[in-house]
file entry05.cif (mmCIF, C-alpha atoms)
data_protein
loop_
_atom_site.label_atom_id
_atom_site.label_comp_id
_atom_site.auth_asym_id
_atom_site.auth_seq_id
_atom_site.Cartn_x
_atom_site.Cartn_y
_atom_site.Cartn_z
CA LEU A 1 -10.35 -2.12 15.69
CA THR A 2 -8.24 -4.19 13.38
CA ALA A 3 -9.12 -7.71 12.34
CA GLY A 4 -6.84 -9.12 15.01
CA ASP A 5 -8.43 -7.26 17.92
CA LYS A 6 -11.69 -9.00 18.66
CA ILE A 7 -13.54 -11.49 20.83
CA PHE A 8 -12.48 -15.01 19.96
CA HIS A 9 -14.79 -17.96 20.57
CA PHE A 10 -13.14 -21.18 21.72
CA GLY A 11 -16.03 -23.45 22.58
CA ALA A 12 -17.48 -22.10 25.83
CA CYS A 13 -14.68 -19.52 26.09
CA ARG A 14 -15.14 -15.99 24.82
CA VAL A 15 -11.84 -14.10 25.07
CA PHE A 16 -10.92 -10.63 23.81
CA LEU A 17 -7.52 -11.01 22.20
CA SER A 18 -5.27 -8.67 20.30
CA THR A 19 -3.46 -10.85 17.79
CA THR A 20 -2.56 -7.91 15.57
CA GLU A 21 0.87 -7.54 17.12
CA ILE A 22 1.53 -11.28 16.94
CA ARG A 23 0.63 -11.39 13.26
CA ALA A 24 2.63 -8.24 12.50
CA GLY A 25 5.65 -9.60 14.31
CA PHE A 26 5.37 -12.94 12.53
CA THR A 27 4.88 -11.38 9.11
CA ALA A 28 8.08 -9.40 9.64
CA ILE A 29 10.17 -12.56 10.13
CA LYS A 30 8.14 -15.26 8.35
CA ALA A 31 10.37 -15.52 5.27
CA ASN A 32 13.51 -15.61 7.41
CA ILE A 33 12.14 -18.31 9.71
CA GLN A 34 10.65 -20.46 6.96
CA SER A 35 13.95 -20.30 5.04
CA ARG A 36 15.55 -22.03 8.01
CA ASP A 37 13.16 -24.98 7.68
CA PRO A 38 14.51 -27.34 4.98
CA ILE A 39 11.91 -30.07 5.57
CA ARG A 40 8.99 -28.83 3.52
CA THR A 41 7.19 -32.12 3.32
CA LEU A 42 6.35 -32.33 7.01
CA SER A 43 4.05 -30.25 9.20
CA ILE A 44 3.97 -30.04 12.98
CA LEU A 45 0.45 -28.62 13.32
CA SER A 46 -1.31 -30.04 10.28
CA HIS A 47 0.00 -33.64 10.09
CA PRO A 48 -1.86 -35.93 9.59
CA HIS A 49 -5.00 -33.85 10.09
CA SER A 50 -5.67 -30.13 9.98
CA LEU A 51 -6.53 -28.19 13.11
CA HIS A 52 -9.81 -27.42 11.43
CA LYS A 53 -10.98 -30.93 12.24
CA VAL A 54 -11.03 -30.12 15.97
CA LYS A 55 -14.56 -29.98 17.35
CA SER A 56 -15.80 -26.57 18.49
CA SER A 57 -16.27 -27.76 22.05
CA ASP A 58 -12.63 -28.82 22.20
CA ARG A 59 -11.23 -25.51 20.86
CA CYS A 60 -10.92 -23.94 24.30
CA CYS A 61 -8.75 -26.71 25.68
CA ILE A 62 -6.56 -27.35 22.65
CA THR A 63 -5.93 -23.65 22.03
CA HIS A 64 -4.60 -23.30 25.57
CA GLN A 65 -2.48 -26.43 25.08
CA LEU A 66 -1.09 -25.07 21.81
CA PHE A 67 -0.14 -21.73 23.37
CA THR A 68 1.50 -23.62 26.24
CA PHE A 69 3.35 -25.76 23.68
CA TYR A 70 4.76 -22.67 21.99
CA VAL A 71 5.67 -20.96 25.27
CA ASP A 72 7.23 -23.99 26.92
CA LYS A 73 8.80 -25.81 24.00
CA VAL A 74 9.14 -23.69 20.87
CA PHE A 75 10.31 -20.11 21.42
CA LYS A 76 13.29 -20.95 23.60
CA HIS A 77 14.86 -22.96 20.78
CA CYS A 78 14.39 -20.24 18.17
CA ARG A 79 17.33 -18.00 19.02
CA THR A 80 19.04 -16.76 15.83
CA GLU A 81 22.13 -14.75 14.93
CA ASP A 82 19.88 -11.93 13.72
CA PRO A 83 19.04 -9.32 16.44
CA PHE A 84 15.98 -8.11 14.53
CA VAL A 85 14.54 -11.62 14.29
CA ASN A 86 15.29 -12.24 17.96
CA ARG A 87 13.42 -9.08 18.95
CA LYS A 88 10.37 -10.08 16.96
CA ILE A 89 10.44 -13.59 18.44
CA SER A 90 10.62 -12.01 21.90
CA SER A 91 7.59 -9.82 21.15
CA ILE A 92 5.65 -12.82 19.86
CA ALA A 93 6.69 -14.98 22.82
CA ASN A 94 5.60 -12.33 25.32
CA SER A 95 2.30 -11.87 23.50
CA PHE A 96 1.80 -15.66 23.68
CA LEU A 97 2.46 -15.50 27.40
CA SER A 98 -0.23 -12.85 27.79
CA VAL A 99 -2.75 -14.71 25.62
CA ARG A 100 -2.04 -18.03 27.35
CA ARG A 101 -2.79 -16.40 30.69
CA LYS A 102 -6.19 -15.26 29.43
CA LEU A 103 -6.91 -18.68 27.90
CA GLY A 104 -5.93 -20.38 31.14
CA GLN A 105 -8.30 -18.21 33.16
CA CYS A 106 -11.09 -18.83 30.67
CA ARG A 107 -10.42 -22.58 30.63
CA GLU A 108 -10.68 -22.72 34.41
CA GLN A 109 -13.81 -20.56 34.61
CA ASN A 110 -15.58 -22.59 31.95
CA ASN A 111 -14.13 -25.92 33.01
CA CYS A 112 -13.07 -26.64 29.45
CA VAL A 113 -12.30 -30.33 29.09
CA CYS A 114 -10.21 -31.87 26.36
CA GLY A 115 -12.18 -34.39 24.34
CA GLU A 116 -10.63 -37.61 23.14
CA GLU A 117 -10.12 -36.34 19.60
CA SER A 118 -8.33 -33.15 20.58
CA THR A 119 -6.21 -35.00 23.12
CA GLU A 120 -5.18 -37.31 20.31
CA LYS A 121 -4.57 -34.35 18.01
CA PHE A 122 -2.31 -32.63 20.55
CA LYS A 123 -0.41 -35.88 21.15
CA GLN A 124 0.17 -36.06 17.39
CA ILE A 125 1.52 -32.50 17.37
CA LEU A 126 3.95 -33.37 20.17
CA ALA A 127 4.97 -36.55 18.31
CA ASN A 128 5.58 -34.53 15.13
CA TYR A 129 7.66 -32.11 17.18
CA GLU A 130 9.71 -34.74 18.96
CA GLY A 131 10.29 -36.55 15.68
CA LEU A 132 12.75 -33.84 14.62
CA ASN A 133 15.86 -32.43 16.25
CA VAL A 134 14.79 -29.71 18.62
CA THR A 135 16.01 -26.67 16.66
CA SER A 136 14.45 -27.85 13.41
CA ALA A 137 11.23 -28.70 15.19
CA ALA A 138 11.13 -25.31 16.92
CA MET A 139 11.85 -23.37 13.73
CA LYS A 140 9.24 -25.37 11.82
CA SER A 141 6.65 -24.78 14.53
CA LEU A 142 7.44 -21.06 14.56
CA GLY A 143 7.17 -21.00 10.79
CA GLU A 144 3.67 -22.50 11.07
CA LEU A 145 2.38 -19.72 13.33
CA ASP A 146 0.10 -18.42 10.59
CA ILE A 147 -1.58 -21.83 10.46
CA LEU A 148 -2.43 -21.44 14.16
CA LEU A 149 -3.50 -17.79 13.83
CA ASP A 150 -5.66 -18.51 10.79
CA TRP A 151 -7.29 -21.43 12.59
CA MET A 152 -8.08 -19.31 15.64
CA GLU B 1 8.55 -11.55 31.07
CA TYR B 2 8.96 -14.52 28.72
CA GLU B 3 12.72 -14.18 28.96
CA ARG B 4 12.64 -14.09 32.76
CA GLU B 5 10.42 -17.14 33.04
CA HIS B 6 11.50 -19.27 30.08
CA ALA B 7 14.85 -18.05 28.73
CA ASN B 8 17.18 -17.88 31.73
CA GLY B 9 16.59 -14.19 32.31
CA SER B 10 18.15 -13.24 29.00
CA TRP B 11 17.92 -9.65 27.76
CA ILE B 12 16.95 -8.53 24.28
CA PRO B 13 19.15 -5.74 22.88
CA ILE B 14 17.36 -2.95 21.04
CA SER B 15 19.59 -2.29 18.07
CA GLU B 16 18.35 1.25 17.42
CA CYS B 17 19.67 2.26 20.82
CA SER B 18 22.64 -0.06 21.23
CA PRO B 19 24.70 1.97 20.89
CA THR B 20 23.20 5.45 20.72
CA THR B 21 24.25 8.97 21.62
CA ALA B 22 20.64 10.08 21.94
CA THR B 23 19.02 10.27 25.35
CA VAL B 24 15.67 9.01 24.05
CA CYS B 25 14.80 5.65 22.50
CA ASN B 26 11.43 4.50 21.11
CA VAL B 27 10.88 0.97 22.43
CA THR B 28 7.15 0.82 21.69
CA GLU B 29 7.38 -2.16 19.36
CA ASP B 30 9.52 -4.09 21.80
CA ILE B 31 7.03 -3.82 24.67
CA SER B 32 4.00 -4.68 22.54
CA ALA B 33 2.64 -7.46 24.76
CA SER B 34 0.52 -6.97 27.88
CA VAL B 35 3.14 -8.53 30.18
CA ALA B 36 5.62 -7.19 32.74
CA TYR B 37 8.78 -5.80 31.12
CA LYS B 38 12.03 -4.69 32.70
CA LEU B 39 14.32 -2.20 30.95
CA ARG B 40 17.96 -1.47 31.61
CA VAL B 41 20.59 0.94 30.25
CA ARG B 42 24.29 1.53 30.75
CA ALA B 43 26.82 4.15 29.63
CA GLU B 44 29.84 3.34 27.49
CA LEU B 45 32.99 5.40 26.90
CA GLY B 46 35.35 3.60 24.60
CA ALA B 47 35.97 0.22 26.20
CA THR B 48 34.75 1.43 29.64
CA ARG B 49 31.25 0.49 30.67
CA SER B 50 29.11 1.54 33.60
CA GLN B 51 27.00 -0.80 35.67
CA TRP B 52 23.56 -1.53 34.25
CA GLY B 53 20.90 0.84 35.47
CA THR B 54 17.72 -1.20 35.72
CA MET B 55 14.24 0.22 36.27
CA LYS B 56 12.64 -0.46 39.61
CA GLY B 57 9.57 -2.60 39.27
CA PHE B 58 8.12 -3.55 35.92
CA PHE B 59 6.42 -1.85 33.03
CA ASN B 60 3.22 -3.36 31.66
CA ARG B 61 1.51 -1.45 28.86
CA ALA B 62 -1.84 -2.58 30.29
CA MET B 63 -1.16 -0.19 33.20
CA THR B 64 -0.71 2.79 30.91
CA SER B 65 -2.72 5.90 31.78
CA LEU B 66 -3.98 7.44 28.57
CA THR B 67 -4.10 11.19 28.19
CA PRO B 68 -7.29 12.83 26.93
CA PRO B 69 -7.20 13.88 23.27
CA LEU B 70 -6.48 17.40 22.09
CA LEU B 71 -9.42 18.68 20.11
CA ARG B 72 -10.76 21.79 18.48
CA VAL B 73 -14.49 22.28 18.01
CA LEU B 74 -15.66 24.29 15.02
CA ALA B 75 -18.98 25.73 13.95
CA ASP B 76 -19.09 25.89 10.17
CA GLY B 77 -22.42 27.56 9.46
CA HIS B 78 -24.84 25.11 11.05
CA HIS B 79 -22.38 22.20 10.91
CA LEU B 80 -20.74 21.03 14.14
CA LEU B 81 -17.20 19.82 13.43
CA VAL B 82 -14.29 18.60 15.56
CA GLU B 83 -10.58 18.32 14.84
CA LEU B 84 -8.66 15.63 16.79
CA ALA B 85 -4.88 15.49 17.20
CA ASP B 86 -3.33 12.28 15.88
CA MET B 87 -2.03 10.06 18.69
CA GLY B 88 -0.86 7.08 16.70
CA PRO B 89 -2.35 3.95 15.08
CA SER B 90 -3.54 2.21 18.25
CA PHE B 91 -5.87 5.01 19.36
CA GLN B 92 -9.63 5.33 18.91
CA PHE B 93 -11.59 8.42 19.90
CA ARG B 94 -15.02 8.54 21.53
CA VAL B 95 -16.61 11.94 20.95
CA LEU B 96 -19.70 13.03 22.91
CA TYR B 97 -21.75 16.06 21.83
CA TRP B 98 -24.99 17.64 22.96
CA ARG B 99 -27.00 20.78 22.71
CA LYS B 100 -26.39 23.02 25.71
CA GLY B 101 -29.32 22.69 28.07
CA GLN B 102 -30.18 19.23 26.75
CA GLU B 103 -27.51 17.33 28.65
CA SER B 104 -29.73 14.26 28.81
CA ARG B 105 -29.63 13.86 25.03
CA VAL B 106 -25.91 13.26 24.52
CA GLN B 107 -24.89 11.77 21.18
CA GLN B 108 -21.71 9.82 20.47
CA LYS B 109 -19.33 9.12 17.61
CA VAL B 110 -16.39 6.70 17.72
CA THR B 111 -13.59 7.08 15.20
CA LYS B 112 -10.05 5.99 14.51
CA GLU B 113 -9.71 8.37 11.62
CA VAL B 114 -8.12 11.69 12.60
CA SER B 115 -6.58 12.88 9.36
CA SER B 116 -9.69 14.87 8.53
CA VAL B 117 -12.21 16.95 10.42
CA LEU B 118 -15.01 14.88 11.95
CA HIS B 119 -18.54 16.03 11.14
CA LEU B 120 -20.67 15.53 14.22
CA GLY B 121 -24.00 16.88 13.08
CA THR B 122 -26.06 19.87 12.11
CA MET B 123 -26.99 22.55 14.63
CA GLU B 124 -30.11 24.62 15.02
CA ALA B 125 -29.58 28.29 14.25
CA GLY B 126 -28.26 30.28 17.22
CA ALA B 127 -28.10 27.25 19.51
CA GLU B 128 -24.99 26.38 21.50
CA TYR B 129 -23.49 22.91 21.30
CA CYS B 130 -20.84 21.28 23.47
CA VAL B 131 -18.31 18.55 22.78
CA LYS B 132 -15.87 16.44 24.78
CA ALA B 133 -13.82 13.35 23.86
CA GLN B 134 -11.75 10.52 25.30
CA THR B 135 -9.16 8.17 23.81
CA HIS B 136 -9.40 4.38 23.86
CA VAL B 137 -6.80 1.69 23.08
CA GLU B 138 -8.47 -1.65 22.37
CA ALA B 139 -5.28 -3.70 22.69
CA ILE B 140 -5.04 -2.83 26.38
CA SER B 141 -8.78 -2.15 26.89
CA ARG B 142 -8.16 1.22 28.48
CA SER B 143 -9.67 4.66 28.04
CA SER B 144 -8.54 8.14 29.03
CA SER B 145 -10.52 10.61 31.05
CA PHE B 146 -12.57 13.09 29.04
CA SER B 147 -11.08 16.24 27.61
CA PRO B 148 -12.37 19.58 28.86
CA THR B 149 -15.73 20.44 27.27
CA GLN B 150 -15.72 22.93 24.43
CA CYS B 151 -18.86 24.73 23.24
CA VAL B 152 -19.63 26.68 20.07
CA ARG B 153 -22.68 28.60 18.85
CA ALA B 154 -24.31 28.03 15.51
CA GLN B 155 -24.84 31.03 13.22
CA GLY B 156 -28.22 32.80 13.06
#
call {"tool": "encode", "arguments": {"input": "entry05.cif", "output": "structure tokens"}}
result
Amino acid sequence: LTAGDKIFHFGACRVFLSTTEIRAGFTAIKANIQSRDPIRTLSILSHPHSLHKVKSSDRCCITHQLFTFYVDKVFKHCRTEDPFVNRKISSIANSFLSVRRKLGQCREQNNCVCGEESTEKFKQILANYEGLNVTSAAMKSLGELDILLDWM
Amino acid sequence: EYEREHANGSWIPISECSPTTATVCNVTEDISASVAYKLRVRAELGATRSQWGTMKGFFNRAMTSLTPPLLRVLADGHHLLVELADMGPSFQFRVLYWRKGQESRVQQKVTKEVSSVLHLGTMEAGAEYCVKAQTHVEAISRSSSFSPTQCVRAQG
């Protein structure tokens, strides 16, 4: 087992996830992606508050929302001229699809509800995202993947 | 699957095999998620191209059937050892061993490490011990069937 293959606890949800491939794929393109993000003073995920402020009971719901955010809004706007980078983004996107499916099932089974704070936090993330032009926002969000993985 | 559902059915070229003259291409890293993949290939001769040949159905690594490990059981004096063939970084091995006639007292070792011989335990002089093993891939939560059982006899 590597560090990324384990049972993750998101509030009431206990989900076995293999994030090793996601992290490996991201590490391979992190420098490339982050070099495309000129706005270093802004964060999508951590502004104004870190994800670490989210209550444990809300983790199940907001994690599913975040994976949905990446699947629905981020990856499709991250196409580059580099075939290698595109392949890694595809691998990450498909892994997110698989993980989101598991999170969705877990959220339903455990009836995870989004508390007020996490709802507000997710709204802030969307506002941060929509505050930039879509390609910049998508690249910045992709470049912050390690923030999400570390928080998980 | 992501591309089918969220990126207008776009295809991702695999640069190592586009183009290639080989008839084999390792796509392991490109199908590293537990989702449904489609693969396609076409022939090229100069500027002429064939139609795409696309696999029927989908491939999902979670449906992979794992093959049992290749192993060799050794008796080194009164030490019971096993050699396992390397099957790549994702594989773990579950090794079961017991003294012949004491099938109810099976012992187990799980290892990822295959570069060296695995020491299972010490044997009683003249006794016969049996071993079998299976592979396991955590990322897809699947295990193989067990290998055939191999038995060896301790010296003495």
call {"tool": "resolve_selection", "arguments": {"input": "entry05.cif", "expression": "the PyMOL selection byres ((chain A) within 6 of (chain B))", "output": "PyMOL selection string"}}
result
chain A and resi 18+94-95+98
call {"tool": "residues_around", "arguments": {"input": "entry05.cif", "residues": "Ala28 (chain A)", "least_positions_apart": "6", "cutoff": "12 Å", "atoms": "all atoms listed in the file", "output": "CSV table (one decimal) with C-alpha atoms, keeping the file's coordinate frame"}}
result
chain,number,residue,atom,x,y,z
A,21,GLU,CA,0.9,-7.5,17.1
A,22,ILE,CA,1.5,-11.3,16.9
A,34,GLN,CA,10.6,-20.5,7.0
A,84,PHE,CA,16.0,-8.1,14.5
A,85,VAL,CA,14.5,-11.6,14.3
A,86,ASN,CA,15.3,-12.2,18.0
A,87,ARG,CA,13.4,-9.1,19.0
A,88,LYS,CA,10.4,-10.1,17.0
A,89,ILE,CA,10.4,-13.6,18.4
A,91,SER,CA,7.6,-9.8,21.2
A,92,ILE,CA,5.6,-12.8,19.9
A,143,GLY,CA,7.2,-21.0,10.8
call {"tool": "atom_distance", "arguments": {"input": "entry05.cif", "atom1": "CA of Glu113 (chain B)", "atom2": "CA of His79 (chain B)"}}
result
18.8 Å
call {"tool": "resolve_selection", "arguments": {"input": "entry05.cif", "expression": "the PyMOL selection byres ((chain B and resi 41) around 10)", "output": "list of chain:residue names"}}
result
B:Cys17, B:Ser18, B:Leu39, B:Arg40, B:Arg42, B:Ala43, B:Glu44, B:Ser50, B:Gln51, B:Trp52, B:Gly53, B:Thr54, B:Met55
call {"tool": "resolve_selection", "arguments": {"input": "entry05.cif", "expression": "the PyMOL selection byres ((chain B and resi 133) around 9)", "output": "ChimeraX atom specification"}}
result
/B:68-71,93-97,131-132,134-135,145-149
call {"tool": "residues_around", "arguments": {"input": "entry05.cif", "residues": "region 144-148 of chain A", "least_positions_apart": "3", "cutoff": "10 Å", "atoms": "only C-alpha atoms", "output": "VMD selection string"}}
result
chain A and resid 22 to 23 26 to 27 30 33 to 34 43 to 46 50 to 52 63 66 to 67 70 138 to 141 151 to 152
call {"tool": "atom_distance", "arguments": {"input": "entry05.cif", "atom1": "CA of Val134 (chain A)", "atom2": "CA of Glu117 (chain A)"}}
result
25.8 Å
call {"tool": "axis_aligned_box", "arguments": {"input": "entry05.cif", "around": "region 102-118 of chain B", "padding_each_side": "8 Å", "output": "AutoDock Vina command-line options"}}
result
--center_x -18.4 --center_y 12.6 --center_z 18.7 --size_x 39.6 --size_y 29.2 --size_z 36.3
call {"tool": "atom_distance", "arguments": {"input": "entry05.cif", "atom1": "CA of Asn26 (chain B)", "atom2": "CA of Gly88 (chain B)"}}
result
13.3 Å
call {"tool": "closest_residue", "arguments": {"input": "entry05.cif", "among": "A:Leu103, A:Phe75, A:Lys123, A:Gly115", "to": "His9 (chain A)", "atoms": "all atoms listed in the file"}}
result
A:Leu103
call {"tool": "closest_residue", "arguments": {"input": "entry05.cif", "among": "B:Arg49, B:Lys38, B:Arg61, B:Arg153", "to": "Gly77 (chain B)", "atoms": "only C-alpha atoms"}}
result
B:Arg153
call {"tool": "residues_around", "arguments": {"input": "entry05.cif", "residues": "Glu124 (chain B)", "least_positions_apart": "4", "cutoff": "9 Å", "atoms": "all atoms listed in the file", "output": "mmCIF file with C-alpha atoms, keeping the file's coordinate frame"}}
result
data_model
loop_
_atom_site.group_PDB
_atom_site.id
_atom_site.type_symbol
_atom_site.label_atom_id
_atom_site.label_comp_id
_atom_site.auth_asym_id
_atom_site.auth_seq_id
_atom_site.Cartn_x
_atom_site.Cartn_y
_atom_site.Cartn_z
ATOM 1 C CA HIS B 78 -24.840 25.110 11.050
ATOM 2 C CA GLU B 128 -24.990 26.380 21.500
ATOM 3 C CA ALA B 154 -24.310 28.030 15.510
ATOM 4 C CA GLN B 155 -24.840 31.030 13.220
ATOM 5 C CA GLY B 156 -28.220 32.800 13.060
#
call {"tool": "residues_around", "arguments": {"input": "entry05.cif", "residues": "region 10-16 of chain A", "least_positions_apart": "2", "cutoff": "6 Å", "atoms": "only C-alpha atoms", "output": "CSV table (one decimal) with C-alpha atoms, in the coordinates of the input"}}
result
chain,number,residue,atom,x,y,z
A,6,LYS,CA,-11.7,-9.0,18.7
A,7,ILE,CA,-13.5,-11.5,20.8
A,8,PHE,CA,-12.5,-15.0,20.0
A,56,SER,CA,-15.8,-26.6,18.5
A,57,SER,CA,-16.3,-27.8,22.0
A,59,ARG,CA,-11.2,-25.5,20.9
A,60,CYS,CA,-10.9,-23.9,24.3
A,106,CYS,CA,-11.1,-18.8,30.7
